[in-house]
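Have a look at the structure below, then the notes.
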Amino acid sequence: MTAMRVDAKVVMLGKESVGKTSLVERYVHHRFLVGPYQNTIGAAFVAKPIQVGEKVVTLGIWDTAGSERYEAMSRIYYRGARAAVVCYDMTDSSSFQRARFWVKELQNCEEHCKIYLCGTKSDLIEGDRSLRQIDYHDAQDFAEEIGAQHFETSSKTGKNVGESDLNSSTDLTTFTQFSVITSTGVDLGQKKDSYFYSCCHNN
Ligand SMILES: Nc1nc2c(ncn2[C@@H]2O[C@H](COP(=O)(O)OP(=O)(O)OP(=O)(O)O)[C@@H](O)[C@H]2O)c(=O)[nH]1
């Protein structure tokens with residue numbers, strides 16, 4: 001068996017059913033699975049090679065189970081993560097409280113992990129604005145308070161999830177969704193701070 005080299009570990013965190021698996025499915029396989037919701041048990045792993053400038057960088061994405069029953073297990077998966085995508089469902093205010101919980105955890109236990117706050121299911125809100133339970137500005141204020149980037153996404157439509165054109169790794173305005181960004185030729189293994197990770201594109 002050959003060992004896989006992972007350049008950057010990314011962890012998905014958030015309450016159950018917020019849409020973490022769907023985000024990963026959309027990002028990695030460009031699809032949205034319909035059918036009965038199946039909760040993640042423990043955690044799932046997927047590797048995603050991406051082209052960054054002239055380099056290929058492999059993201060190792062850990063999709064954790066949101067159920068509180070697996071909380072202790074999720075802690076194992078965020079250890080050593082370069083980035084955490086902390087998800088909340090924009091139609092479920094309790095999921096935002098849960099997102100706050102994970103942010104606090106990361107701040108206490110993984111201070112070098114870069115946090116991305118990700119609102120999910122924007123298509124539902126576009127269909128019916130009354131479904132929105134988390135005001136965009138409240139989430140944005142929270143993101144600013146914790147020094148995180150904030151995105152509102154839909155895995156169903158693909159909005160703000162996916163890879164945009166990485167033709168120019170120095171043109172930050174054309175970036176990106178869910179991609180590690182480096183300046184060309186940077187050795188991720190040695191220069192942790194010379195890249196940043198962006199989970200989703202904010203229009
Ligand atoms: N309309 C809509 N539904 C979504 C979206 N993302 C996820 N869902 C639905 O929300 C439910 C939960 O999605 P998952 O991706 O399994 O959620 P999860 O956060 O991985 O859940 P756990 O594994 O329990 O932690 C499923 O029925 C999805 O189809 C979205 O962008 N739009």
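We label chains A, B, ... in the order they appear in the structure tokens, count residues from 1 in each chain, and number ligands from 1 in the order shown.
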For the interface of chain A with ligand 1 (cut-off 6 Å, counting only C-alpha atoms and all ligand atoms), please tabulate each contacting residue of chain A alongside its nearest pair of atoms and their separation in Å to one decimal, rows sorted by chain and increasing number, as JSON lines.
```
{"residue": "A:Glu16", "atom": "CA", "partner": "ligand 1", "partner_atom_place_in_ligand_line": "25 (O)", "distance": 3.6}
{"residue": "A:Ser17", "atom": "CA", "partner": "ligand 1", "partner_atom_place_in_ligand_line": "21 (O)", "distance": 3.4}
{"residue": "A:Val18", "atom": "CA", "partner": "ligand 1", "partner_atom_place_in_ligand_line": "19 (O)", "distance": 4.0}
{"residue": "A:Gly19", "atom": "CA", "partner": "ligand 1", "partner_atom_place_in_ligand_line": "15 (O)", "distance": 3.2}
{"residue": "A:Lys20", "atom": "CA", "partner": "ligand 1", "partner_atom_place_in_ligand_line": "19 (O)", "distance": 3.8}
{"residue": "A:Thr21", "atom": "CA", "partner": "ligand 1", "partner_atom_place_in_ligand_line": "20 (O)", "distance": 3.7}
{"residue": "A:Ser22", "atom": "CA", "partner": "ligand 1", "partner_atom_place_in_ligand_line": "15 (O)", "distance": 3.7}
{"residue": "A:Val34", "atom": "CA", "partner": "ligand 1", "partner_atom_place_in_ligand_line": "29 (O)", "distance": 5.7}
{"residue": "A:Tyr37", "atom": "CA", "partner": "ligand 1", "partner_atom_place_in_ligand_line": "27 (O)", "distance": 4.2}
{"residue": "A:Gln38", "atom": "CA", "partner": "ligand 1", "partner_atom_place_in_ligand_line": "16 (O)", "distance": 5.8}
{"residue": "A:Asn39", "atom": "CA", "partner": "ligand 1", "partner_atom_place_in_ligand_line": "23 (O)", "distance": 3.7}
{"residue": "A:Thr40", "atom": "CA", "partner": "ligand 1", "partner_atom_place_in_ligand_line": "23 (O)", "distance": 3.4}
{"residue": "A:Ala65", "atom": "CA", "partner": "ligand 1", "partner_atom_place_in_ligand_line": "25 (O)", "distance": 4.0}
{"residue": "A:Gly66", "atom": "CA", "partner": "ligand 1", "partner_atom_place_in_ligand_line": "25 (O)", "distance": 3.3}
{"residue": "A:Ser67", "atom": "CA", "partner": "ligand 1", "partner_atom_place_in_ligand_line": "24 (O)", "distance": 5.7}
{"residue": "A:Thr120", "atom": "CA", "partner": "ligand 1", "partner_atom_place_in_ligand_line": "31 (O)", "distance": 5.5}
{"residue": "A:Lys121", "atom": "CA", "partner": "ligand 1", "partner_atom_place_in_ligand_line": "31 (O)", "distance": 3.6}
{"residue": "A:Asp123", "atom": "CA", "partner": "ligand 1", "partner_atom_place_in_ligand_line": "32 (N)", "distance": 5.7}
{"residue": "A:Leu124", "atom": "CA", "partner": "ligand 1", "partner_atom_place_in_ligand_line": "1 (N)", "distance": 5.4}
{"residue": "A:Ser154", "atom": "CA", "partner": "ligand 1", "partner_atom_place_in_ligand_line": "31 (O)", "distance": 3.6}
{"residue": "A:Ser155", "atom": "CA", "partner": "ligand 1", "partner_atom_place_in_ligand_line": "31 (O)", "distance": 3.7}
{"residue": "A:Lys156", "atom": "CA", "partner": "ligand 1", "partner_atom_place_in_ligand_line": "31 (O)", "distance": 4.3}
```
Helix (DSSP H, G or I) call set, DSSP backbone run, segment 21-193 of chain A, as a PyMOL selection string: chain A and resi 21-29+68-78+93-109+122-127+129-131+136-146+172-174+192-193
I need the chosen residues saved as a PDB file, in the first residue's frame, with C-alpha atoms.
```pdb
ATOM      1  CA  THR A  21     -20.615  16.379   3.674  1.00  0.00           C
ATOM      2  CA  SER A  22     -22.559  18.111   0.921  1.00  0.00           C
ATOM      3  CA  LEU A  23     -19.967  20.876   0.757  1.00  0.00           C
ATOM      4  CA  VAL A  24     -17.188  18.335   0.393  1.00  0.00           C
ATOM      5  CA  GLU A  25     -19.179  16.404  -2.238  1.00  0.00           C
ATOM      6  CA  ARG A  26     -19.755  19.574  -4.201  1.00  0.00           C
ATOM      7  CA  TYR A  27     -16.171  20.679  -3.948  1.00  0.00           C
ATOM      8  CA  VAL A  28     -14.520  17.331  -4.643  1.00  0.00           C
ATOM      9  CA  HIS A  29     -17.016  15.590  -6.949  1.00  0.00           C
ATOM     10  CA  GLU A  68     -22.754  15.657  19.690  1.00  0.00           C
ATOM     11  CA  ARG A  69     -22.335  11.962  20.294  1.00  0.00           C
ATOM     12  CA  TYR A  70     -19.140  12.173  18.216  1.00  0.00           C
ATOM     13  CA  GLU A  71     -17.849  15.385  19.759  1.00  0.00           C
ATOM     14  CA  ALA A  72     -14.837  13.779  21.433  1.00  0.00           C
ATOM     15  CA  MET A  73     -13.920  12.115  18.149  1.00  0.00           C
ATOM     16  CA  SER A  74     -14.106  15.355  16.204  1.00  0.00           C
ATOM     17  CA  ARG A  75     -11.424  16.783  18.484  1.00  0.00           C
ATOM     18  CA  ILE A  76      -9.047  14.129  17.180  1.00  0.00           C
ATOM     19  CA  TYR A  77      -9.632  15.307  13.626  1.00  0.00           C
ATOM     20  CA  TYR A  78      -8.922  18.976  14.105  1.00  0.00           C
ATOM     21  CA  SER A  93     -30.048  29.469  14.516  1.00  0.00           C
ATOM     22  CA  SER A  94     -28.968  26.679  16.872  1.00  0.00           C
ATOM     23  CA  SER A  95     -26.334  25.669  14.348  1.00  0.00           C
ATOM     24  CA  PHE A  96     -24.761  29.100  14.726  1.00  0.00           C
ATOM     25  CA  GLN A  97     -24.416  28.523  18.474  1.00  0.00           C
ATOM     26  CA  ARG A  98     -22.715  25.260  17.664  1.00  0.00           C
ATOM     27  CA  ALA A  99     -20.382  27.043  15.271  1.00  0.00           C
ATOM     28  CA  ARG A 100     -19.428  29.401  18.106  1.00  0.00           C
ATOM     29  CA  PHE A 101     -18.645  26.366  20.229  1.00  0.00           C
ATOM     30  CA  TRP A 102     -16.258  24.971  17.605  1.00  0.00           C
ATOM     31  CA  VAL A 103     -14.587  28.319  17.125  1.00  0.00           C
ATOM     32  CA  LYS A 104     -13.921  28.520  20.855  1.00  0.00           C
ATOM     33  CA  GLU A 105     -12.530  25.003  20.833  1.00  0.00           C
ATOM     34  CA  LEU A 106     -10.176  25.825  17.984  1.00  0.00           C
ATOM     35  CA  GLN A 107      -9.070  29.058  19.588  1.00  0.00           C
ATOM     36  CA  ASN A 108      -8.264  27.198  22.803  1.00  0.00           C
ATOM     37  CA  CYS A 109      -6.710  24.076  21.339  1.00  0.00           C
ATOM     38  CA  SER A 122     -28.288  29.746   0.695  1.00  0.00           C
ATOM     39  CA  ASP A 123     -30.564  28.321  -2.021  1.00  0.00           C
ATOM     40  CA  LEU A 124     -33.274  27.781   0.597  1.00  0.00           C
ATOM     41  CA  ILE A 125     -33.128  31.428   1.587  1.00  0.00           C
ATOM     42  CA  GLU A 126     -33.126  32.573  -2.005  1.00  0.00           C
ATOM     43  CA  GLY A 127     -36.350  30.579  -2.400  1.00  0.00           C
ATOM     44  CA  ARG A 129     -36.245  34.878   2.612  1.00  0.00           C
ATOM     45  CA  SER A 130     -38.290  34.229   5.738  1.00  0.00           C
ATOM     46  CA  LEU A 131     -36.245  31.055   6.275  1.00  0.00           C
ATOM     47  CA  TYR A 136     -25.539  38.087   7.256  1.00  0.00           C
ATOM     48  CA  HIS A 137     -24.130  41.061   9.189  1.00  0.00           C
ATOM     49  CA  ASP A 138     -24.240  39.249  12.532  1.00  0.00           C
ATOM     50  CA  ALA A 139     -22.257  36.366  11.075  1.00  0.00           C
ATOM     51  CA  GLN A 140     -19.886  38.777   9.367  1.00  0.00           C
ATOM     52  CA  ASP A 141     -19.334  40.673  12.634  1.00  0.00           C
ATOM     53  CA  PHE A 142     -18.577  37.407  14.399  1.00  0.00           C
ATOM     54  CA  ALA A 143     -16.145  36.413  11.648  1.00  0.00           C
ATOM     55  CA  GLU A 144     -14.358  39.744  11.956  1.00  0.00           C
ATOM     56  CA  GLU A 145     -14.224  39.396  15.743  1.00  0.00           C
ATOM     57  CA  ILE A 146     -12.437  36.052  15.420  1.00  0.00           C
ATOM     58  CA  LEU A 172      -6.241  37.294  -5.339  1.00  0.00           C
ATOM     59  CA  THR A 173      -9.302  38.914  -6.830  1.00  0.00           C
ATOM     60  CA  THR A 174      -9.967  35.908  -9.077  1.00  0.00           C
ATOM     61  CA  LYS A 192       3.300  27.578   6.835  1.00  0.00           C
ATOM     62  CA  ASP A 193       2.535  31.245   6.872  1.00  0.00           C
TER      63      ASP A 193
END
```
Interatomic distance (Å, one decimal) between atom CA of His112 of chain A and atom CA of Val46 of chain A: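 Distance between the two atoms: 22.1 Å.
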One-decimal distance in Å that lies between atom CA of Ile115 of chain A and atom CA of Asp135 of chain A: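 According to the coordinates, atom CA of Asp135 of chain A and atom CA of Ile115 of chain A are separated by 19.5 Å.
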Minimum-distance residue to Cys87 of chain A, chosen among A:Val11, A:Val52, A:Leu117, A:Ala43 (using only C-alpha atoms):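 Once distances to Cys87 of chain A are computed over only C-alpha atoms, the minimum belongs to A:Leu117.
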d(atom CA of Val56 of chain A, atom CA of Lys9 of chain A) in Å: 14.7 Å
Residues flagged strand (DSSP E or B) by DSSP in segment 12-172 of chain A, as a PyMOL selection string: chain A and resi 12-14+43-52+55-64+83-89+114-120+149-152
Please produce a file of those selected residues containing C-alpha atoms, as a tab-separated table (two decimals), in the first residue's frame.
```tsv
chain	number	residue	atom	x	y	z
A	12	MET	CA	-14.99	20.38	8.51
A	13	LEU	CA	-16.82	21.18	11.74
A	14	GLY	CA	-20.40	22.06	12.61
A	43	ALA	CA	-15.52	11.04	10.21
A	44	ALA	CA	-14.80	10.67	6.53
A	45	PHE	CA	-11.59	11.49	4.71
A	46	VAL	CA	-11.09	12.67	1.18
A	47	ALA	CA	-7.94	13.86	-0.56
A	48	LYS	CA	-8.13	16.56	-3.16
A	49	PRO	CA	-5.15	17.52	-5.31
A	50	ILE	CA	-5.30	21.08	-6.51
A	51	GLN	CA	-3.08	23.05	-8.82
A	52	VAL	CA	-1.58	26.09	-7.22
A	55	LYS	CA	2.61	23.09	-7.89
A	56	VAL	CA	0.12	20.39	-7.11
A	57	VAL	CA	-0.95	20.54	-3.49
A	58	THR	CA	-2.94	17.77	-1.86
A	59	LEU	CA	-5.60	18.77	0.62
A	60	GLY	CA	-6.58	16.12	3.13
A	61	ILE	CA	-10.15	16.96	4.11
A	62	TRP	CA	-11.63	15.45	7.26
A	63	ASP	CA	-15.40	15.62	7.25
A	64	THR	CA	-16.42	15.14	10.88
A	83	ALA	CA	-7.62	25.16	8.29
A	84	ALA	CA	-11.06	24.54	9.72
A	85	VAL	CA	-14.27	25.18	7.84
A	86	VAL	CA	-16.77	25.86	10.61
A	87	CYS	CA	-20.24	25.48	9.11
A	88	TYR	CA	-23.63	26.73	10.17
A	89	ASP	CA	-26.98	26.32	8.46
A	114	LYS	CA	-7.03	29.19	10.27
A	115	ILE	CA	-10.78	29.41	10.67
A	116	TYR	CA	-13.33	29.90	7.87
A	117	LEU	CA	-16.93	30.51	8.83
A	118	CYS	CA	-19.29	29.02	6.29
A	119	GLY	CA	-23.04	29.61	6.09
A	120	THR	CA	-24.80	26.82	4.18
A	149	GLN	CA	-13.29	34.83	6.55
A	150	HIS	CA	-16.99	34.32	6.11
A	151	PHE	CA	-18.91	32.86	3.16
A	152	GLU	CA	-22.50	32.04	2.40
```
